[in-house]
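The file work27.tsv contains TSV, C-alpha atoms (C1' of nucleotides) and all ligand atoms:
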```tsv
chain	number	residue	atom	x	y	z
A	1	MET	CA	6.57	56.88	25.17
A	2	GLN	CA	4.23	53.94	25.57
A	3	LYS	CA	1.42	56.41	25.15
A	4	GLU	CA	2.92	58.04	22.10
A	5	THR	CA	3.47	54.73	20.35
A	6	SER	CA	-0.12	53.88	21.07
A	7	THR	CA	-1.34	57.20	19.73
A	8	TYR	CA	0.76	56.78	16.63
A	9	LEU	CA	-0.62	53.29	16.02
A	10	ASN	CA	-4.13	54.61	16.43
A	11	GLU	CA	-3.54	57.27	13.84
A	12	VAL	CA	-2.05	54.84	11.36
A	13	PHE	CA	-4.99	52.54	11.89
A	14	ILE	CA	-7.60	55.26	11.59
A	15	GLN	CA	-5.98	56.26	8.33
A	16	HIS	CA	-6.10	52.62	7.14
A	17	CYS	CA	-9.79	52.41	7.91
A	18	ARG	CA	-10.68	55.75	6.34
A	19	GLU	CA	-8.99	54.76	3.12
A	20	ARG	CA	-10.92	51.51	3.01
A	21	GLY	CA	-14.31	52.64	4.21
A	22	LEU	CA	-14.15	50.74	7.47
A	23	LYS	CA	-15.65	52.12	10.64
A	24	VAL	CA	-13.15	52.70	13.42
A	25	THR	CA	-14.54	50.66	16.29
A	26	PRO	CA	-12.89	49.95	19.63
A	27	GLN	CA	-12.89	46.25	18.75
A	28	ARG	CA	-11.02	46.85	15.52
A	29	ILE	CA	-8.52	49.12	17.22
A	30	THR	CA	-7.85	46.46	19.84
A	31	ILE	CA	-7.39	43.73	17.25
A	32	TYR	CA	-5.20	45.93	15.10
A	33	LYS	CA	-2.97	46.83	18.03
A	34	ALA	CA	-2.65	43.20	19.01
A	35	LEU	CA	-1.19	42.46	15.58
A	36	ALA	CA	0.65	45.58	14.45
A	37	GLY	CA	4.36	45.02	14.12
A	38	SER	CA	4.10	41.36	15.03
A	39	THR	CA	5.83	38.65	13.02
A	40	ASP	CA	3.53	36.00	14.43
A	41	HIS	CA	1.17	33.91	12.32
A	42	PRO	CA	-1.79	33.52	14.63
A	43	THR	CA	-5.11	31.78	14.20
A	44	ALA	CA	-8.32	33.66	14.92
A	45	ASP	CA	-8.66	31.71	18.13
A	46	PHE	CA	-5.16	32.67	19.19
A	47	VAL	CA	-5.86	36.37	18.61
A	48	TYR	CA	-9.14	36.04	20.47
A	49	ARG	CA	-7.59	34.39	23.50
A	50	ASN	CA	-4.77	36.91	23.48
A	51	ILE	CA	-6.98	39.95	23.70
A	52	HIS	CA	-9.64	38.30	25.85
A	53	LYS	CA	-7.76	38.89	29.10
A	54	GLU	CA	-7.75	42.64	28.61
A	55	HIS	CA	-10.94	42.91	26.58
A	56	PRO	CA	-13.32	40.20	27.77
A	57	ASN	CA	-16.28	41.80	25.99
A	58	ILE	CA	-15.01	41.29	22.45
A	59	SER	CA	-16.58	38.17	20.97
A	60	PHE	CA	-14.80	35.51	19.01
A	61	GLU	CA	-17.15	36.19	16.12
A	62	THR	CA	-16.02	39.79	15.96
A	63	VAL	CA	-12.35	38.84	16.13
A	64	ASN	CA	-12.75	36.35	13.32
A	65	ARG	CA	-14.82	38.65	11.15
A	66	THR	CA	-12.44	41.51	11.74
A	67	LEU	CA	-9.43	39.43	10.72
A	68	LEU	CA	-11.22	38.37	7.54
A	69	LYS	CA	-12.23	41.94	6.86
A	70	PHE	CA	-8.64	43.10	7.43
A	71	ALA	CA	-7.44	40.44	5.02
A	72	GLU	CA	-10.04	41.50	2.47
A	73	THR	CA	-8.92	45.10	2.67
A	74	GLY	CA	-5.19	44.42	2.63
A	75	ILE	CA	-4.41	45.22	6.26
A	76	LEU	CA	-3.05	41.70	6.70
A	77	ASP	CA	-2.67	38.45	4.78
A	78	VAL	CA	-4.14	35.00	4.99
A	79	ILE	CA	-1.24	32.64	4.55
A	80	GLU	CA	-0.71	29.00	3.72
A	81	SER	CA	-1.38	26.47	6.44
A	82	PHE	CA	-1.19	22.72	6.53
A	83	SER	CA	-4.70	22.20	7.79
A	84	GLY	CA	-6.14	22.96	11.11
A	85	ALA	CA	-7.00	26.59	11.53
A	86	ARG	CA	-6.54	29.49	9.15
A	87	ARG	CA	-3.38	31.50	9.78
A	88	PHE	CA	-3.09	35.27	9.46
A	89	ASP	CA	0.06	37.26	8.79
A	90	PRO	CA	0.28	40.92	9.81
A	91	ASN	CA	3.66	41.31	8.15
A	92	LEU	CA	3.00	42.65	4.67
A	93	ASP	CA	6.64	43.05	3.68
A	94	SER	CA	7.74	40.67	0.96
A	95	HIS	CA	9.12	37.69	2.84
A	96	HIS	CA	9.29	33.91	3.04
A	97	HIS	CA	8.38	31.21	5.51
A	98	ILE	CA	9.98	28.37	7.36
A	99	HIS	CA	7.22	26.10	8.55
A	100	CYS	CA	7.57	23.25	11.04
A	101	VAL	CA	5.48	20.34	9.84
A	102	GLN	CA	5.13	18.97	13.36
A	103	CYS	CA	4.15	21.93	15.54
A	104	GLY	CA	3.00	24.37	12.84
A	105	MET	CA	5.38	27.11	13.88
A	106	ILE	CA	6.05	29.60	11.09
A	107	VAL	CA	9.15	31.80	11.00
A	108	ASP	CA	9.73	34.66	8.58
A	109	PHE	CA	12.86	35.07	6.60
A	110	LYS	CA	13.99	37.67	4.12
A	111	ASP	CA	15.79	36.89	0.89
A	112	GLU	CA	16.35	39.38	-1.89
A	113	GLN	CA	17.02	36.64	-4.40
A	114	PHE	CA	13.79	34.83	-3.64
A	115	ASN	CA	11.84	38.06	-3.85
A	116	ASN	CA	12.68	38.18	-7.53
A	117	ILE	CA	11.06	34.87	-8.32
A	118	GLN	CA	8.89	35.22	-11.39
A	119	ILE	CA	5.90	33.24	-12.49
A	120	PRO	CA	6.94	31.03	-15.44
A	121	LYS	CA	6.40	32.70	-18.81
A	122	GLN	CA	3.77	30.25	-19.96
A	123	PHE	CA	1.51	31.25	-17.06
A	124	LYS	CA	2.03	35.00	-17.21
A	125	ARG	CA	-0.94	35.74	-19.40
A	126	GLU	CA	-3.30	33.30	-17.73
A	127	TYR	CA	-2.81	34.14	-14.08
A	128	LYS	CA	-2.77	37.49	-12.32
A	129	VAL	CA	-0.09	37.24	-9.62
A	130	VAL	CA	-1.20	38.37	-6.17
A	131	SER	CA	1.83	37.34	-4.12
A	132	LYS	CA	4.57	34.76	-4.06
A	133	ARG	CA	6.66	33.14	-1.42
A	134	VAL	CA	9.11	30.36	-0.76
A	135	VAL	CA	7.82	27.92	1.83
A	136	ILE	CA	10.42	25.67	3.44
A	137	ASN	CA	8.97	22.80	5.43
A	138	VAL	CA	11.15	21.70	8.30
A	139	ILE	CA	11.25	19.99	11.64
A	140	CYS	CA	12.18	22.63	14.19
A	141	GLU	CA	14.79	22.17	16.88
A	142	LEU	CA	12.23	21.61	19.62
A	143	CYS	CA	10.29	19.03	17.61
A	144	GLN	CA	13.52	17.24	16.64
A	145	SER	CA	14.39	16.83	20.30
A	146	LYS	CA	11.16	14.92	20.94
B	1	MET	CA	-3.22	-2.46	-22.08
B	2	GLN	CA	-5.73	-0.99	-19.65
B	3	LYS	CA	-5.45	-4.25	-17.77
B	4	GLU	CA	-1.67	-4.28	-17.83
B	5	THR	CA	-1.45	-0.74	-16.54
B	6	SER	CA	-3.76	-1.71	-13.74
B	7	THR	CA	-1.71	-4.79	-12.91
B	8	TYR	CA	1.46	-2.74	-12.93
B	9	LEU	CA	-0.05	-0.17	-10.60
B	10	ASN	CA	-1.11	-2.92	-8.26
B	11	GLU	CA	2.39	-4.29	-8.14
B	12	VAL	CA	3.93	-0.92	-7.49
B	13	PHE	CA	1.43	-0.32	-4.72
B	14	ILE	CA	1.89	-3.72	-3.13
B	15	GLN	CA	5.61	-3.03	-3.10
B	16	HIS	CA	5.00	0.35	-1.48
B	17	CYS	CA	2.92	-1.24	1.26
B	18	ARG	CA	5.33	-4.09	1.92
B	19	GLU	CA	8.21	-1.68	2.37
B	20	ARG	CA	6.18	0.33	4.87
B	21	GLY	CA	4.46	-2.43	6.78
B	22	LEU	CA	0.99	-1.53	5.52
B	23	LYS	CA	-1.60	-4.18	4.84
B	24	VAL	CA	-2.73	-4.34	1.24
B	25	THR	CA	-6.49	-3.90	1.49
B	26	PRO	CA	-8.97	-3.44	-1.36
B	27	GLN	CA	-9.81	-0.01	0.04
B	28	ARG	CA	-6.20	1.11	-0.06
B	29	ILE	CA	-5.73	-0.23	-3.57
B	30	THR	CA	-8.79	1.69	-4.73
B	31	ILE	CA	-7.64	4.91	-3.12
B	32	TYR	CA	-4.13	4.50	-4.44
B	33	LYS	CA	-5.36	3.92	-7.98
B	34	ALA	CA	-7.61	6.94	-7.78
B	35	LEU	CA	-4.56	9.09	-7.08
B	36	ALA	CA	-1.62	7.46	-8.85
B	37	GLY	CA	-0.24	9.64	-11.61
B	38	SER	CA	-2.65	12.46	-10.89
B	39	THR	CA	-1.50	16.07	-10.63
B	40	ASP	CA	-4.64	17.02	-8.72
B	41	HIS	CA	-4.63	18.37	-5.17
B	42	PRO	CA	-7.78	16.85	-3.76
B	43	THR	CA	-9.38	17.05	-0.34
B	44	ALA	CA	-10.33	13.85	1.47
B	45	ASP	CA	-13.94	14.56	0.67
B	46	PHE	CA	-13.16	14.96	-3.03
B	47	VAL	CA	-11.35	11.62	-3.12
B	48	TYR	CA	-14.22	10.01	-1.25
B	49	ARG	CA	-16.88	11.32	-3.59
B	50	ASN	CA	-14.77	10.34	-6.59
B	51	ILE	CA	-14.47	6.71	-5.65
B	52	HIS	CA	-17.90	6.46	-4.07
B	53	LYS	CA	-19.68	5.91	-7.40
B	54	GLU	CA	-17.67	2.79	-8.15
B	55	HIS	CA	-17.03	1.71	-4.57
B	56	PRO	CA	-20.01	2.74	-2.48
B	57	ASN	CA	-18.95	0.56	0.43
B	58	ILE	CA	-15.78	2.45	1.27
B	59	SER	CA	-16.43	4.85	4.12
B	60	PHE	CA	-15.28	8.41	4.32
B	61	GLU	CA	-13.46	7.56	7.51
B	62	THR	CA	-11.37	4.97	5.71
B	63	VAL	CA	-10.60	7.33	2.84
B	64	ASN	CA	-9.48	10.02	5.22
B	65	ARG	CA	-7.46	7.69	7.41
B	66	THR	CA	-5.86	6.11	4.38
B	67	LEU	CA	-4.81	9.45	2.94
B	68	LEU	CA	-3.28	10.42	6.27
B	69	LYS	CA	-1.54	7.06	6.51
B	70	PHE	CA	-0.24	7.45	2.97
B	71	ALA	CA	1.07	10.89	3.86
B	72	GLU	CA	2.70	9.52	7.00
B	73	THR	CA	4.47	6.82	5.02
B	74	GLY	CA	5.56	9.01	2.15
B	75	ILE	CA	3.17	7.74	-0.51
B	76	LEU	CA	1.80	11.23	-0.93
B	77	ASP	CA	2.14	14.71	0.56
B	78	VAL	CA	-0.03	17.03	2.57
B	79	ILE	CA	0.39	20.43	1.00
B	80	GLU	CA	-0.27	24.02	1.94
B	81	SER	CA	-3.84	25.21	1.81
B	82	PHE	CA	-5.41	28.55	2.55
B	83	SER	CA	-8.01	27.27	4.94
B	84	GLY	CA	-10.92	25.06	4.30
B	85	ALA	CA	-10.05	21.43	3.92
B	86	ARG	CA	-6.68	19.72	3.96
B	87	ARG	CA	-5.20	19.16	0.50
B	88	PHE	CA	-3.24	16.10	-0.58
B	89	ASP	CA	-0.69	15.88	-3.39
B	90	PRO	CA	0.09	12.54	-5.02
B	91	ASN	CA	2.87	14.09	-7.09
B	92	LEU	CA	6.09	13.52	-5.17
B	93	ASP	CA	8.41	15.00	-7.79
B	94	SER	CA	10.05	18.22	-6.72
B	95	HIS	CA	7.72	20.91	-8.02
B	96	HIS	CA	6.02	24.21	-7.29
B	97	HIS	CA	2.51	25.54	-7.05
B	98	ILE	CA	0.35	28.21	-8.56
B	99	HIS	CA	-2.61	28.72	-6.26
B	100	CYS	CA	-5.75	30.68	-7.08
B	101	VAL	CA	-6.75	32.66	-4.00
B	102	GLN	CA	-10.39	32.78	-5.11
B	103	CYS	CA	-11.28	29.24	-6.13
B	104	GLY	CA	-8.45	27.33	-4.46
B	105	MET	CA	-7.28	25.68	-7.66
B	106	ILE	CA	-3.66	24.53	-7.46
B	107	VAL	CA	-1.53	23.95	-10.57
B	108	ASP	CA	1.89	22.34	-10.59
B	109	PHE	CA	4.87	23.81	-12.30
B	110	LYS	CA	8.42	22.66	-12.68
B	111	ASP	CA	11.43	24.91	-12.37
B	112	GLU	CA	14.99	23.69	-12.11
B	113	GLN	CA	16.18	26.99	-10.71
B	114	PHE	CA	13.59	27.02	-7.94
B	115	ASN	CA	14.42	23.43	-7.04
B	116	ASN	CA	17.84	24.62	-5.94
B	117	ILE	CA	16.49	27.02	-3.36
B	118	GLN	CA	18.41	26.60	-0.12
B	119	ILE	CA	17.39	27.35	3.41
B	120	PRO	CA	19.27	30.47	4.57
B	121	LYS	CA	22.58	29.66	6.26
B	122	GLN	CA	21.54	30.98	9.64
B	123	PHE	CA	18.73	28.41	9.84
B	124	LYS	CA	20.62	25.41	8.52
B	125	ARG	CA	21.69	24.09	11.89
B	126	GLU	CA	18.40	24.77	13.64
B	127	TYR	CA	15.91	23.31	11.21
B	128	LYS	CA	15.88	19.96	9.43
B	129	VAL	CA	14.51	20.62	5.93
B	130	VAL	CA	11.74	18.27	4.85
B	131	SER	CA	10.71	19.92	1.58
B	132	LYS	CA	10.55	23.30	-0.05
B	133	ARG	CA	8.43	24.91	-2.67
B	134	VAL	CA	7.61	28.19	-4.34
B	135	VAL	CA	3.95	29.09	-3.91
B	136	ILE	CA	2.61	31.74	-6.28
B	137	ASN	CA	-0.78	33.12	-5.33
B	138	VAL	CA	-2.82	34.27	-8.29
B	139	ILE	CA	-6.28	34.94	-9.57
B	140	CYS	CA	-6.94	32.39	-12.30
B	141	GLU	CA	-8.41	33.18	-15.69
B	142	LEU	CA	-11.85	31.88	-14.78
B	143	CYS	CA	-11.98	33.82	-11.52
B	144	GLN	CA	-10.76	36.98	-13.26
B	145	SER	CA	-13.66	36.77	-15.68
B	146	LYS	CA	-16.19	36.89	-12.83
C	1	DT	C1'	-28.80	65.58	17.41
C	2	DA	C1'	-31.15	62.49	14.15
C	3	DT	C1'	-30.43	59.34	10.49
C	4	DT	C1'	-28.60	55.38	8.63
C	5	DA	C1'	-25.52	52.10	7.05
C	6	DT	C1'	-22.41	49.25	9.30
C	7	DA	C1'	-20.66	46.48	13.08
C	8	DT	C1'	-21.30	43.61	17.05
C	9	DG	C1'	-22.50	39.56	19.98
C	10	DA	C1'	-25.10	35.45	21.07
C	11	DG	C1'	-26.44	31.40	19.53
C	12	DA	C1'	-27.32	28.15	16.05
C	13	DA	C1'	-25.79	25.89	11.88
C	14	DT	C1'	-22.45	24.03	8.91
C	15	DT	C1'	-18.14	21.98	7.61
C	16	DA	C1'	-13.91	19.48	8.58
C	17	DT	C1'	-11.55	16.36	11.32
C	18	DT	C1'	-10.83	13.00	14.82
C	19	DC	C1'	-12.16	9.50	18.13
C	20	DT	C1'	-14.31	5.13	19.82
C	21	DC	C1'	-15.30	0.61	19.55
C	22	DA	C1'	-17.32	-3.58	17.72
C	23	DT	C1'	-16.39	-6.26	13.75
C	24	DT	C1'	-13.73	-7.82	9.85
C	25	DT	C1'	-9.69	-9.05	7.33
C	26	DG	C1'	-4.77	-9.44	5.69
C	27	DT	C1'	-0.58	-11.64	7.08
C	28	DC	C1'	2.29	-15.02	8.76
C	29	DA	C1'	3.75	-19.01	11.04
C	30	DA	C1'	2.72	-23.61	11.79
D	1	DT	C1'	-4.51	-24.79	4.45
D	2	DT	C1'	-5.52	-23.11	8.67
D	3	DG	C1'	-5.77	-20.60	12.87
D	4	DA	C1'	-3.93	-16.57	15.63
D	5	DC	C1'	-3.57	-11.96	15.90
D	6	DA	C1'	-2.37	-7.39	14.84
D	7	DA	C1'	-4.10	-4.11	11.87
D	8	DA	C1'	-7.82	-2.07	9.26
D	9	DT	C1'	-12.57	-0.88	8.56
D	10	DG	C1'	-17.15	1.36	9.15
D	11	DA	C1'	-20.75	3.51	11.86
D	12	DG	C1'	-21.66	6.83	14.81
D	13	DA	C1'	-20.46	10.21	18.11
D	14	DA	C1'	-17.41	13.89	19.49
D	15	DT	C1'	-14.65	17.79	18.71
D	16	DA	C1'	-12.73	21.70	16.17
D	17	DA	C1'	-13.09	25.41	12.89
D	18	DT	C1'	-15.85	28.40	10.41
D	19	DT	C1'	-19.93	30.71	8.96
D	20	DC	C1'	-24.66	32.30	9.31
D	21	DT	C1'	-28.69	34.77	11.35
D	22	DC	C1'	-30.75	38.32	13.45
D	23	DA	C1'	-31.74	41.57	17.14
D	24	DT	C1'	-29.30	45.35	19.07
D	25	DA	C1'	-25.76	48.89	19.25
D	26	DT	C1'	-22.91	52.37	17.37
D	27	DA	C1'	-19.72	55.24	14.17
D	28	DA	C1'	-20.16	58.46	10.61
D	29	DT	C1'	-22.47	62.19	8.47
D	30	DA	C1'	-25.19	65.87	7.81
E	1	MN	MN	5.13	35.83	7.74
E	2	MN	MN	1.43	19.58	-6.67
E	3	ZN	ZN	8.19	22.25	15.57
E	4	ZN	ZN	-9.70	30.66	-9.56
```
Could I get this file's structure written as structure tokens?
Amino acid sequence: MQKETSTYLNEVFIQHCRERGLKVTPQRITIYKALAGSTDHPTADFVYRNIHKEHPNISFETVNRTLLKFAETGILDVIESFSGARRFDPNLDSHHHIHCVQCGMIVDFKDEQFNNIQIPKQFKREYKVVSKRVVINVICELCQSK
Amino acid sequence: MQKETSTYLNEVFIQHCRERGLKVTPQRITIYKALAGSTDHPTADFVYRNIHKEHPNISFETVNRTLLKFAETGILDVIESFSGARRFDPNLDSHHHIHCVQCGMIVDFKDEQFNNIQIPKQFKREYKVVSKRVVINVICELCQSK
DNA sequence: TATTATATGAGAATTATTCTCATTTGTCAA
DNA sequence: TTGACAAATGAGAATAATTCTCATATAATA
């Protein structure tokens, strides 16, 4: 079962790469698996440290470049951050974010109504919309209790 | 008229500082004036370079610290960015952003309907809302033409 | 299996941000 | 007005985040 899931992920990923002209390297497979299905919003450093235990030979440089390459080819998104490190988002479904302004935690939420948000008419011609999202800045429970 | 506007701005700013326990320094006045009424979304470096021509004695460190202090005390906002440098927003009115994913340009837009966006019920108790905004990621006209 | 374009890893370079500390200055009370 | 003093400033160093360079390795293909 574990094995089958893994095999399935591999196949999905290989397909992704083929379609985008990316070589299927062990490093990329590792990084992809670390992110697939996650609703985290990690930094490159976070991904690196996460996989480092199991794969100590993958360099930070490769992790970072791979994440950027994945973003470039639509395998994941670069999302808004409030300075500090760049944040990646492996969840490509249309969704919105709750963002704690103190600790930087980002939580997904779904909302059909918000998905239908349209760019104002006056900007429609000028700008080609890539994506859109509601971002709610909050102080999370943990940060409130400090 | 120019003079009166300037005097008025000074008074508003002095009031701001008094209410927040900030000392009114020439550096802070300069930085405040450079931002007041602007709908830009500058980085600290941009603000620094802007005022440097006229005020070559103000250090980058002071500009940066002042912007952070202003953000801390509600004189301006730190807004979402997509990596690179932190972006500030002197426009405190409730508004939304169109953000070019190529050049980083950010344009304000107003929308009554979007202002009424509520945090989903299930999160209301857990998170204290600080602000909320629609962010529309686009490719701007200029970037499209490249 | 040989070719080749692409990817990787190490280290250096660059950019952005924060820290430290000696000095200066705004504020306030006398 | 004039100190006293807490806060602010500026210079430089330190740290964090990102990108670049280039020699080597490797996936894809024919
Ligand atoms: Mn997300
Ligand atoms: Mn704005
Ligand atoms: Zn938090
Ligand atoms: Zn643009």
Check: Quick one: which residues from chain C are at most 12 Å off chain A, using all atoms listed in the file, as a ChimeraX atom specification?
Finding: /C:5-11,16-18
Based on the selection just made, write C-alpha atoms (C1' of nucleotides) of those residues as a CSV table (one decimal), in the coordinates of the input.
```
chain,number,residue,atom,x,y,z
C,5,DA,C1',-25.5,52.1,7.0
C,6,DT,C1',-22.4,49.2,9.3
C,7,DA,C1',-20.7,46.5,13.1
C,8,DT,C1',-21.3,43.6,17.0
C,9,DG,C1',-22.5,39.6,20.0
C,10,DA,C1',-25.1,35.4,21.1
C,11,DG,C1',-26.4,31.4,19.5
C,16,DA,C1',-13.9,19.5,8.6
C,17,DT,C1',-11.6,16.4,11.3
C,18,DT,C1',-10.8,13.0,14.8
```
Next item on the list: Identify all chain D residues at most 8 Å from chain B by counting only C-alpha atoms (C1' of nucleotides); ligands do not count. Present them as a PyMOL selection string.
Entry: chain D and resi 7-10
Tell me, counting all atoms listed in the file, for each residue of chain A within 10 Å of chain B, which pair of atoms is nearest and how far apart they are in Å to one decimal, in rows ordered by chain and increasing number, as a tab-separated table.
```
residue	atom	partner	partner_atom	distance
A:Val78	CA	B:Phe82	CA	7.0
A:Ile79	CA	B:Phe82	CA	6.2
A:Glu80	CA	B:Phe82	CA	4.9
A:Ser81	CA	B:Glu80	CA	5.2
A:Phe82	CA	B:Glu80	CA	4.9
A:Ser83	CA	B:Arg86	CA	5.0
A:Gly84	CA	B:Ser83	CA	7.8
A:Ala85	CA	B:Ser83	CA	6.7
A:Arg86	CA	B:Ser83	CA	5.0
A:Arg87	CA	B:Ser83	CA	7.9
A:Phe88	CA	B:Phe82	CA	9.9
A:His96	CA	B:Val134	CA	9.5
A:His97	CA	B:Lys132	CA	9.9
A:Ile98	CA	B:Ile119	CA	8.5
A:His99	CA	B:Val129	CA	9.5
A:Cys100	CA	B:Tyr127	CA	8.3
A:Val101	CA	B:Val130	CA	8.3
A:Phe109	CA	B:Pro120	CA	8.1
A:Lys110	CA	B:Pro120	CA	8.9
A:Asp111	CA	B:Pro120	CA	8.2
A:Gln113	CA	B:Ile117	CA	9.7
A:Phe114	CA	B:Ile117	CA	8.3
A:Ile117	CA	B:Phe114	CA	8.3
A:Gln118	CA	B:Ile136	CA	8.8
A:Ile119	CA	B:Ile136	CA	7.2
A:Pro120	CA	B:Phe109	CA	8.1
A:Phe123	CA	B:Ile98	CA	9.1
A:Arg125	CA	B:Glu141	CA	8.7
A:Glu126	CA	B:Glu141	CA	5.5
A:Tyr127	CA	B:Cys140	CA	4.8
A:Lys128	CA	B:Ile139	CA	5.1
A:Val129	CA	B:Val138	CA	4.2
A:Val130	CA	B:Val138	CA	4.9
A:Ser131	CA	B:Asn137	CA	5.1
A:Lys132	CA	B:Ile136	CA	4.2
A:Arg133	CA	B:Val135	CA	5.5
A:Val134	CA	B:Val134	CA	4.4
A:Val135	CA	B:Arg133	CA	5.4
A:Ile136	CA	B:Lys132	CA	4.2
A:Asn137	CA	B:Ser131	CA	5.1
A:Val138	CA	B:Val129	CA	4.3
A:Ile139	CA	B:Lys128	CA	5.1
A:Cys140	CA	B:Tyr127	CA	4.8
A:Glu141	CA	B:Glu126	CA	5.5
A:Leu142	CA	B:Glu126	CA	9.2
A:Cys143	CA	B:Tyr127	CA	9.5
A:Gln144	CA	B:Lys128	CA	8.1
```
Item checked: Atom-to-atom span, atom CA of Leu76 of chain B and atom CA of Leu35 of chain B, Å -> 9.1 Å
Work out where the centre of an axis-aligned box around every listed atom of segment 15-28 of chain C lies and how long its edges are once 3 Å is added on each side; give both in Å to one decimal as JSON.
```
{"center_x": -7.9, "center_y": 3.5, "center_z": 12.8, "size_x": 26.4, "size_y": 43.0, "size_z": 20.1}
```
Margin query: Could you check which residues have any atom within 10 Å of (-25.2, 66.2, 7.3), counting all atoms listed in the file with coordinates taken straight from the file, and then list them as a VMD selection string?
Written below: (chain C and resid 2 to 3) or (chain D and resid 28 to 30)
Next item on the list: Have a look at atom CA of Glu112 of chain A and atom CA of Asp93 of chain A and let me know their distance in Å, one decimal.
Entry: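 Distance reported for this atom pair: 11.8 Å.
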Next item on the list: Set the cut-off to 7 Å, count all atoms listed in the file, and list whatever residues fall near ligand MN 1 (chain E) as a list in words.
Entry: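 My answer, listing the contacting residues, is Thr39, Asp40, His41, Asp89, Asn91, His95, His96, His97, Val107 and Asp108 of chain A.
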Restricted to C-alpha atoms, what would the selected residues look like written as a JSON list (two decimals), in the frame of the given file?
```json
[["chain", "number", "residue", "atom", "x", "y", "z"],
["A", 39, "THR", "CA", 5.83, 38.65, 13.02],
["A", 40, "ASP", "CA", 3.53, 36.00, 14.43],
["A", 41, "HIS", "CA", 1.17, 33.91, 12.32],
["A", 89, "ASP", "CA", 0.06, 37.26, 8.79],
["A", 91, "ASN", "CA", 3.66, 41.31, 8.15],
["A", 95, "HIS", "CA", 9.12, 37.69, 2.84],
["A", 96, "HIS", "CA", 9.29, 33.91, 3.04],
["A", 97, "HIS", "CA", 8.38, 31.21, 5.51],
["A", 107, "VAL", "CA", 9.15, 31.80, 11.00],
["A", 108, "ASP", "CA", 9.73, 34.66, 8.58]]
```
